[in-house]
$ cat protein.pdb   # PDB, C-alpha atoms
ATOM      1  CA  MET X   1       0.000   0.000   0.000  1.00  0.00           C
ATOM      2  CA  ASP X   2       1.760   3.143  -1.248  1.00  0.00           C
ATOM      3  CA  THR X   3       1.515   6.736  -0.067  1.00  0.00           C
ATOM      4  CA  THR X   4      -0.492   7.775  -3.139  1.00  0.00           C
ATOM      5  CA  THR X   5      -3.255   5.313  -2.266  1.00  0.00           C
ATOM      6  CA  LEU X   6      -3.257   6.428   1.357  1.00  0.00           C
ATOM      7  CA  ALA X   7      -3.398  10.104   0.363  1.00  0.00           C
ATOM      8  CA  ALA X   8      -6.308   9.438  -2.017  1.00  0.00           C
ATOM      9  CA  PHE X   9      -8.184   7.554   0.697  1.00  0.00           C
ATOM     10  CA  LEU X  10      -7.551  10.278   3.269  1.00  0.00           C
ATOM     11  CA  ALA X  11      -8.805  12.974   0.874  1.00  0.00           C
ATOM     12  CA  MET X  12     -12.016  11.042   0.216  1.00  0.00           C
ATOM     13  CA  ASP X  13     -12.445  10.196   3.884  1.00  0.00           C
ATOM     14  CA  LEU X  14     -11.994  13.816   4.993  1.00  0.00           C
ATOM     15  CA  LEU X  15     -14.744  14.900   2.605  1.00  0.00           C
ATOM     16  CA  LEU X  16     -17.093  12.494   4.388  1.00  0.00           C
ATOM     17  CA  VAL X  17     -15.888  13.434   7.894  1.00  0.00           C
ATOM     18  CA  PHE X  18     -16.265  17.158   7.164  1.00  0.00           C
ATOM     19  CA  THR X  19     -19.894  16.605   6.075  1.00  0.00           C
ATOM     20  CA  PRO X  20     -22.101  17.603   9.050  1.00  0.00           C
ATOM     21  CA  GLY X  21     -24.232  14.824  10.449  1.00  0.00           C
ATOM     22  CA  ALA X  22     -25.045  13.012  13.666  1.00  0.00           C
ATOM     23  CA  ASP X  23     -21.401  12.937  14.814  1.00  0.00           C
ATOM     24  CA  TRP X  24     -21.087  16.688  14.316  1.00  0.00           C
ATOM     25  CA  ALA X  25     -24.313  17.293  16.196  1.00  0.00           C
ATOM     26  CA  PHE X  26     -23.108  15.175  19.109  1.00  0.00           C
ATOM     27  CA  ALA X  27     -19.687  16.893  19.174  1.00  0.00           C
ATOM     28  CA  ILE X  28     -21.315  20.348  19.181  1.00  0.00           C
ATOM     29  CA  THR X  29     -23.639  19.382  22.018  1.00  0.00           C
ATOM     30  CA  ALA X  30     -20.725  17.930  23.988  1.00  0.00           C
ATOM     31  CA  GLY X  31     -18.711  21.083  23.389  1.00  0.00           C
ATOM     32  CA  LEU X  32     -21.281  23.061  25.331  1.00  0.00           C
ATOM     33  CA  ARG X  33     -20.976  20.873  28.417  1.00  0.00           C
ATOM     34  CA  ASP X  34     -18.190  21.203  30.954  1.00  0.00           C
ATOM     35  CA  ARG X  35     -15.096  19.109  30.123  1.00  0.00           C
ATOM     36  CA  SER X  36     -17.098  16.654  27.996  1.00  0.00           C
ATOM     37  CA  VAL X  37     -15.496  17.184  24.560  1.00  0.00           C
ATOM     38  CA  VAL X  38     -12.657  14.678  24.969  1.00  0.00           C
ATOM     39  CA  PRO X  39     -14.776  11.797  26.339  1.00  0.00           C
ATOM     40  CA  ALA X  40     -17.448  12.499  23.723  1.00  0.00           C
ATOM     41  CA  VAL X  41     -14.944  12.321  20.864  1.00  0.00           C
ATOM     42  CA  ALA X  42     -13.288   9.286  22.462  1.00  0.00           C
ATOM     43  CA  GLY X  43     -16.690   7.604  22.415  1.00  0.00           C
ATOM     44  CA  LEU X  44     -17.262   8.481  18.753  1.00  0.00           C
ATOM     45  CA  VAL X  45     -13.848   7.083  17.842  1.00  0.00           C
ATOM     46  CA  ALA X  46     -14.507   3.963  19.936  1.00  0.00           C
ATOM     47  CA  GLY X  47     -17.604   3.290  17.822  1.00  0.00           C
ATOM     48  CA  TYR X  48     -15.493   3.425  14.670  1.00  0.00           C
ATOM     49  CA  ALA X  49     -12.857   1.260  16.331  1.00  0.00           C
ATOM     50  CA  GLY X  50     -15.535  -1.406  16.641  1.00  0.00           C
ATOM     51  CA  TYR X  51     -16.262  -1.152  12.916  1.00  0.00           C
ATOM     52  CA  THR X  52     -12.541  -1.324  12.159  1.00  0.00           C
ATOM     53  CA  LEU X  53     -12.236  -4.556  14.140  1.00  0.00           C
ATOM     54  CA  LEU X  54     -15.243  -5.984  12.284  1.00  0.00           C
ATOM     55  CA  ALA X  55     -13.725  -4.963   8.963  1.00  0.00           C
ATOM     56  CA  VAL X  56     -10.352  -6.501   9.814  1.00  0.00           C
ATOM     57  CA  ALA X  57     -12.132  -9.727  10.771  1.00  0.00           C
ATOM     58  CA  GLY X  58     -14.091  -9.666   7.509  1.00  0.00           C
ATOM     59  CA  LEU X  59     -17.447  -9.452   9.291  1.00  0.00           C
ATOM     60  CA  VAL X  60     -18.478  -6.107   7.796  1.00  0.00           C
ATOM     61  CA  VAL X  61     -19.159  -7.761   4.449  1.00  0.00           C
ATOM     62  CA  ILE X  62     -21.322 -10.414   6.096  1.00  0.00           C
ATOM     63  CA  VAL X  63     -23.374  -7.857   8.013  1.00  0.00           C
ATOM     64  CA  ALA X  64     -23.731  -5.529   5.029  1.00  0.00           C
ATOM     65  CA  ARG X  65     -24.990  -8.363   2.825  1.00  0.00           C
ATOM     66  CA  SER X  66     -27.535  -9.541   5.379  1.00  0.00           C
ATOM     67  CA  GLY X  67     -30.794  -7.688   4.876  1.00  0.00           C
ATOM     68  CA  THR X  68     -32.102  -8.719   8.295  1.00  0.00           C
ATOM     69  CA  LEU X  69     -28.986  -7.651  10.221  1.00  0.00           C
ATOM     70  CA  LEU X  70     -28.665  -4.402   8.304  1.00  0.00           C
ATOM     71  CA  THR X  71     -32.325  -3.558   8.865  1.00  0.00           C
ATOM     72  CA  ALA X  72     -32.034  -4.293  12.586  1.00  0.00           C
ATOM     73  CA  LEU X  73     -28.915  -2.125  12.827  1.00  0.00           C
ATOM     74  CA  THR X  74     -30.580   0.675  10.903  1.00  0.00           C
ATOM     75  CA  VAL X  75     -33.709   0.657  13.080  1.00  0.00           C
ATOM     76  CA  ALA X  76     -31.651   0.576  16.289  1.00  0.00           C
ATOM     77  CA  GLY X  77     -29.378   3.351  15.087  1.00  0.00           C
ATOM     78  CA  ALA X  78     -32.228   5.514  13.825  1.00  0.00           C
ATOM     79  CA  GLY X  79     -34.122   5.102  17.080  1.00  0.00           C
ATOM     80  CA  TYR X  80     -31.047   6.034  19.086  1.00  0.00           C
ATOM     81  CA  LEU X  81     -30.470   9.167  16.977  1.00  0.00           C
ATOM     82  CA  VAL X  82     -34.096  10.223  17.383  1.00  0.00           C
ATOM     83  CA  TRP X  83     -33.828   9.743  21.154  1.00  0.00           C
ATOM     84  CA  LEU X  84     -30.609  11.794  21.338  1.00  0.00           C
ATOM     85  CA  GLY X  85     -32.208  14.488  19.196  1.00  0.00           C
ATOM     86  CA  TRP X  86     -35.287  14.636  21.407  1.00  0.00           C
ATOM     87  CA  GLU X  87     -33.088  14.945  24.507  1.00  0.00           C
ATOM     88  CA  ALA X  88     -31.222  17.846  22.875  1.00  0.00           C
ATOM     89  CA  LEU X  89     -34.512  19.579  22.054  1.00  0.00           C
ATOM     90  CA  ARG X  90     -35.958  18.931  25.508  1.00  0.00           C
ATOM     91  CA  GLN X  91     -32.848  19.989  27.432  1.00  0.00           C
ATOM     92  CA  PRO X  92     -30.619  22.100  25.163  1.00  0.00           C
ATOM     93  CA  ALA X  93     -27.013  22.288  26.276  1.00  0.00           C
ATOM     94  CA  VAL X  94     -25.518  25.560  27.470  1.00  0.00           C
ATOM     95  CA  PRO X  95     -21.951  26.329  28.566  1.00  0.00           C
ATOM     96  CA  VAL X  96     -21.485  25.116  32.145  1.00  0.00           C
ATOM     97  CA  ALA X  97     -18.896  26.561  34.483  1.00  0.00           C
ATOM     98  CA  ALA X  98     -16.691  24.229  36.429  1.00  0.00           C
ATOM     99  CA  GLY X  99     -18.044  23.432  39.832  1.00  0.00           C
ATOM    100  CA  PRO X 100     -17.771  21.055  42.798  1.00  0.00           C
ATOM    101  CA  GLY X 101     -19.269  17.691  41.613  1.00  0.00           C
ATOM    102  CA  ALA X 102     -15.915  15.955  41.467  1.00  0.00           C
ATOM    103  CA  GLY X 103     -17.392  12.768  42.851  1.00  0.00           C
ATOM    104  CA  THR X 104     -19.694  12.304  39.876  1.00  0.00           C
ATOM    105  CA  GLU X 105     -17.287  13.601  37.203  1.00  0.00           C
ATOM    106  CA  GLY X 106     -15.925  10.150  36.308  1.00  0.00           C
ATOM    107  CA  SER X 107     -19.404   8.685  35.972  1.00  0.00           C
ATOM    108  CA  SER X 108     -20.565  11.641  33.886  1.00  0.00           C
ATOM    109  CA  ARG X 109     -17.616  11.338  31.520  1.00  0.00           C
ATOM    110  CA  LEU X 110     -18.262   7.624  31.140  1.00  0.00           C
ATOM    111  CA  ARG X 111     -21.900   8.293  30.216  1.00  0.00           C
ATOM    112  CA  VAL X 112     -20.806  10.862  27.634  1.00  0.00           C
ATOM    113  CA  MET X 113     -18.307   8.411  26.171  1.00  0.00           C
ATOM    114  CA  LEU X 114     -20.894   5.642  25.975  1.00  0.00           C
ATOM    115  CA  ARG X 115     -23.314   7.996  24.229  1.00  0.00           C
ATOM    116  CA  GLY X 116     -20.603   8.872  21.731  1.00  0.00           C
ATOM    117  CA  ALA X 117     -19.880   5.206  21.062  1.00  0.00           C
ATOM    118  CA  GLY X 118     -23.592   4.620  20.568  1.00  0.00           C
ATOM    119  CA  THR X 119     -23.892   7.566  18.164  1.00  0.00           C
ATOM    120  CA  SER X 120     -21.184   6.312  15.810  1.00  0.00           C
ATOM    121  CA  GLY X 121     -21.482   2.610  16.581  1.00  0.00           C
ATOM    122  CA  LEU X 122     -25.208   2.450  15.828  1.00  0.00           C
ATOM    123  CA  ASN X 123     -24.926   4.556  12.686  1.00  0.00           C
ATOM    124  CA  PRO X 124     -25.541   2.232   9.696  1.00  0.00           C
ATOM    125  CA  LYS X 125     -23.961   4.811   7.413  1.00  0.00           C
ATOM    126  CA  ALA X 126     -20.637   3.998   9.105  1.00  0.00           C
ATOM    127  CA  LEU X 127     -21.086   0.337   8.209  1.00  0.00           C
ATOM    128  CA  LEU X 128     -21.761   1.245   4.589  1.00  0.00           C
ATOM    129  CA  LEU X 129     -18.725   3.559   4.575  1.00  0.00           C
ATOM    130  CA  TYR X 130     -16.468   0.719   5.651  1.00  0.00           C
ATOM    131  CA  PHE X 131     -18.159  -1.666   3.214  1.00  0.00           C
ATOM    132  CA  SER X 132     -18.214   0.582   0.135  1.00  0.00           C
ATOM    133  CA  LEU X 133     -15.211   2.901   0.543  1.00  0.00           C
ATOM    134  CA  PHE X 134     -12.532   0.651   1.980  1.00  0.00           C
ATOM    135  CA  PRO X 135     -12.530  -2.008  -0.795  1.00  0.00           C
ATOM    136  CA  GLN X 136     -11.767   0.678  -3.388  1.00  0.00           C
ATOM    137  CA  PHE X 137      -8.373   1.298  -1.761  1.00  0.00           C
ATOM    138  CA  ILE X 138      -7.404  -2.255  -0.825  1.00  0.00           C
ATOM    139  CA  ASP X 139      -5.201  -4.331  -3.129  1.00  0.00           C
ATOM    140  CA  PRO X 140      -5.959  -8.012  -2.468  1.00  0.00           C
ATOM    141  CA  VAL X 141      -2.850  -9.128  -4.369  1.00  0.00           C
ATOM    142  CA  GLY X 142      -0.517  -6.484  -2.953  1.00  0.00           C
ATOM    143  CA  GLY X 143       2.435  -7.057  -0.680  1.00  0.00           C
ATOM    144  CA  TRP X 144       0.450  -6.232   2.475  1.00  0.00           C
ATOM    145  CA  PRO X 145      -2.185  -8.609   3.918  1.00  0.00           C
ATOM    146  CA  VAL X 146      -5.752  -7.413   3.406  1.00  0.00           C
ATOM    147  CA  ALA X 147      -6.316  -7.301   7.176  1.00  0.00           C
ATOM    148  CA  THR X 148      -3.291  -5.025   7.610  1.00  0.00           C
ATOM    149  CA  GLN X 149      -4.460  -2.694   4.842  1.00  0.00           C
ATOM    150  CA  THR X 150      -7.955  -2.595   6.349  1.00  0.00           C
ATOM    151  CA  GLY X 151      -6.581  -1.837   9.805  1.00  0.00           C
ATOM    152  CA  LEU X 152      -4.438   0.986   8.434  1.00  0.00           C
ATOM    153  CA  LEU X 153      -7.382   2.592   6.610  1.00  0.00           C
ATOM    154  CA  GLY X 154      -9.467   2.249   9.757  1.00  0.00           C
ATOM    155  CA  ALA X 155      -6.735   3.927  11.817  1.00  0.00           C
ATOM    156  CA  LEU X 156      -6.601   6.834   9.332  1.00  0.00           C
ATOM    157  CA  HIS X 157     -10.378   7.225   9.482  1.00  0.00           C
ATOM    158  CA  MET X 158     -10.402   7.220  13.290  1.00  0.00           C
ATOM    159  CA  THR X 159      -7.573   9.779  13.391  1.00  0.00           C
ATOM    160  CA  ALA X 160      -9.435  12.059  10.971  1.00  0.00           C
ATOM    161  CA  CYS X 161     -12.607  11.747  13.074  1.00  0.00           C
ATOM    162  CA  ALA X 162     -10.727  12.505  16.298  1.00  0.00           C
ATOM    163  CA  VAL X 163      -9.077  15.649  14.905  1.00  0.00           C
ATOM    164  CA  VAL X 164     -12.174  17.040  13.171  1.00  0.00           C
ATOM    165  CA  TYR X 165     -14.647  16.304  15.966  1.00  0.00           C
ATOM    166  CA  LEU X 166     -12.325  17.668  18.645  1.00  0.00           C
ATOM    167  CA  ALA X 167     -12.008  20.861  16.614  1.00  0.00           C
ATOM    168  CA  VAL X 168     -15.798  21.046  16.183  1.00  0.00           C
ATOM    169  CA  GLY X 169     -16.457  20.522  19.900  1.00  0.00           C
ATOM    170  CA  VAL X 170     -13.782  22.963  21.089  1.00  0.00           C
ATOM    171  CA  LEU X 171     -14.817  25.571  18.516  1.00  0.00           C
ATOM    172  CA  ALA X 172     -18.452  25.271  19.562  1.00  0.00           C
ATOM    173  CA  ARG X 173     -17.518  25.763  23.216  1.00  0.00           C
ATOM    174  CA  THR X 174     -15.145  28.665  22.480  1.00  0.00           C
ATOM    175  CA  VAL X 175     -17.489  30.564  20.183  1.00  0.00           C
ATOM    176  CA  LEU X 176     -20.684  29.917  22.131  1.00  0.00           C
ATOM    177  CA  SER X 177     -19.334  30.028  25.712  1.00  0.00           C
ATOM    178  CA  THR X 178     -20.559  33.601  26.221  1.00  0.00           C
ATOM    179  CA  ARG X 179     -23.685  33.273  24.090  1.00  0.00           C
ATOM    180  CA  PRO X 180     -26.102  30.981  25.970  1.00  0.00           C
ATOM    181  CA  ALA X 181     -29.079  31.908  23.781  1.00  0.00           C
ATOM    182  CA  VAL X 182     -27.152  31.040  20.618  1.00  0.00           C
ATOM    183  CA  ALA X 183     -25.843  27.880  22.297  1.00  0.00           C
ATOM    184  CA  ARG X 184     -29.403  26.728  22.982  1.00  0.00           C
ATOM    185  CA  ALA X 185     -30.387  27.457  19.394  1.00  0.00           C
ATOM    186  CA  VAL X 186     -27.395  25.520  18.024  1.00  0.00           C
ATOM    187  CA  THR X 187     -28.117  22.588  20.334  1.00  0.00           C
ATOM    188  CA  ARG X 188     -31.753  22.495  19.270  1.00  0.00           C
ATOM    189  CA  ALA X 189     -30.681  22.646  15.625  1.00  0.00           C
ATOM    190  CA  SER X 190     -28.265  19.758  16.269  1.00  0.00           C
ATOM    191  CA  GLY X 191     -31.067  17.799  17.920  1.00  0.00           C
ATOM    192  CA  ALA X 192     -33.322  18.466  14.944  1.00  0.00           C
ATOM    193  CA  VAL X 193     -30.563  17.206  12.623  1.00  0.00           C
ATOM    194  CA  MET X 194     -30.332  13.948  14.600  1.00  0.00           C
ATOM    195  CA  ILE X 195     -34.099  13.461  14.459  1.00  0.00           C
ATOM    196  CA  VAL X 196     -34.202  14.144  10.718  1.00  0.00           C
ATOM    197  CA  ILE X 197     -31.299  11.768  10.041  1.00  0.00           C
ATOM    198  CA  GLY X 198     -32.925   9.078  12.172  1.00  0.00           C
ATOM    199  CA  GLY X 199     -36.253   9.548  10.393  1.00  0.00           C
ATOM    200  CA  LEU X 200     -34.652   9.401   6.954  1.00  0.00           C
ATOM    201  CA  LEU X 201     -32.795   6.221   7.873  1.00  0.00           C
ATOM    202  CA  LEU X 202     -36.041   4.601   8.992  1.00  0.00           C
ATOM    203  CA  VAL X 203     -37.858   5.659   5.825  1.00  0.00           C
ATOM    204  CA  GLU X 204     -34.957   4.497   3.634  1.00  0.00           C
ATOM    205  CA  ARG X 205     -34.719   1.075   5.252  1.00  0.00           C
ATOM    206  CA  LEU X 206     -38.346   0.277   6.131  1.00  0.00           C
ATOM    207  CA  GLY X 207     -39.896   1.980   3.144  1.00  0.00           C
ATOM    208  CA  GLY X 208     -37.664   0.285   0.613  1.00  0.00           C
TER     209      GLY X 208
END
$ encode --input "protein.pdb" --output "structure tokens"
Amino acid sequence: MDTTTLAAFLAMDLLLVFTPGADWAFAITAGLRDRSVVPAVAGLVAGYAGYTLLAVAGLVVIVARSGTLLTALTVAGAGYLVWLGWEALRQPAVPVAAGPGAGTEGSSRLRVMLRGAGTSGLNPKALLLYFSLFPQFIDPVGGWPVATQTGLLGALHMTACAVVYLAVGVLARTVLSTRPAVARAVTRASGAVMIVIGGLLLVERLGG
């Protein structure tokens, strides 16, 4: 696997990562909560790490070709996105100042991380990304084993996600930290995006 192939993959992958969606909405919401950007992004990356492991094991192809499994994943993911979106609409995030609560900080960060893993891990679009994009850049007769090539592409994708989503979360917190009204509006818009994406996924899978 040469540098030209890796550069081409990274360029294509960055176009997808820079496209706003559920991950962006979650990162923005996390950016408005005290010290939650890093665990939120770690959770998002953990979800993609799970897909990378499935891809390396060759299970992504099996899941993607199974109508029943793909439908179940889509419905679960869409439902989770709708729930997250409703929570954002019901309780919009605003910048929170640091306070006492140190005893519950670890638990809170863990919950944020688990939500992040659920957001990316239950997103069927991620499965299709690994299934449709990765094979275009893998040479089955090259000098590197297919599993190694797949793992490397997965690592590049996770790195791109970590950098972009950290920037999105930190930027949201920096820009909106003194604008609570705008922060609420952005959070509600992010929640609406999650609900719309979840609804479209349900229509696409169940209506087809």
$ resolve_selection --input "protein.pdb" --expression "the PyMOL selection byres ((chain X and resi 48) around 9)" --output "PyMOL selection string"
chain X and resi 43-47+49-53+117+120-121+126+154+157-158+161
$ resolve_selection --input "protein.pdb" --expression "the PyMOL selection byres ((chain X and resi 30) around 9)" --output "list in words"
Ala25, Phe26, Ala27, Ile28, Thr29, Gly31, Leu32, Arg33, Asp34, Arg35, Ser36, Val37, Val38, Pro39, Ala40, Val41, Ala93, Val112, Gly169, Ala172 and Arg173 of chain X
$ residues_around --input "protein.pdb" --residues "Leu15 of chain X" --least-positions-apart "4" --cutoff "12 Å" --atoms "only C-alpha atoms" --output "list in words"
Ala8, Phe9, Leu10, Ala11, Thr19, Pro20, His157, Ala160, Cys161 and Val164 of chain X
$ write_last_selection --input "protein.pdb" --atoms "C-alpha atoms" --output "tab-separated table (two decimals), keeping the file's coordinate frame"
chain	number	residue	atom	x	y	z
X	8	ALA	CA	-6.31	9.44	-2.02
X	9	PHE	CA	-8.18	7.55	0.70
X	10	LEU	CA	-7.55	10.28	3.27
X	11	ALA	CA	-8.80	12.97	0.87
X	19	THR	CA	-19.89	16.60	6.08
X	20	PRO	CA	-22.10	17.60	9.05
X	157	HIS	CA	-10.38	7.22	9.48
X	160	ALA	CA	-9.44	12.06	10.97
X	161	CYS	CA	-12.61	11.75	13.07
X	164	VAL	CA	-12.17	17.04	13.17
$ atom_distance --input "protein.pdb" --atom1 "atom CA of Gln136 of chain X" --atom2 "atom CA of Gly116 of chain X"
27.9 Å
$ atom_distance --input "protein.pdb" --atom1 "atom CA of Ile62 of chain X" --atom2 "atom CA of Trp144 of chain X"
22.5 Å
$ atom_distance --input "protein.pdb" --atom1 "atom CA of Arg179 of chain X" --atom2 "atom CA of Ala22 of chain X"
22.8 Å
$ resolve_selection --input "protein.pdb" --expression "the PyMOL selection byres ((chain X and resi 78) around 8)" --output "compact mmCIF listing (two decimals) with C-alpha atoms, in the frame of the given file"
# COMPACT_ATOMS: atom_id res chain seq x y z
CA THR X 74 -30.58 0.68 10.90
CA VAL X 75 -33.71 0.66 13.08
CA ALA X 76 -31.65 0.58 16.29
CA GLY X 77 -29.38 3.35 15.09
CA GLY X 79 -34.12 5.10 17.08
CA TYR X 80 -31.05 6.03 19.09
CA LEU X 81 -30.47 9.17 16.98
CA VAL X 82 -34.10 10.22 17.38
CA LEU X 122 -25.21 2.45 15.83
CA ASN X 123 -24.93 4.56 12.69
CA ILE X 197 -31.30 11.77 10.04
CA GLY X 198 -32.92 9.08 12.17
CA GLY X 199 -36.25 9.55 10.39
CA LEU X 201 -32.80 6.22 7.87
CA LEU X 202 -36.04 4.60 8.99
$ residues_around --input "protein.pdb" --residues "Gly142 of chain X" --least-positions-apart "5" --cutoff "12 Å" --atoms "only C-alpha atoms" --output "PyMOL selection string"
chain X and resi 1-2+137+147-149
$ closest_residue --input "protein.pdb" --among "X:Thr4, X:Ser190, X:Ala183, X:Leu110" --to "Ala42 of chain X" --atoms "all atoms listed in the file"
X:Leu110
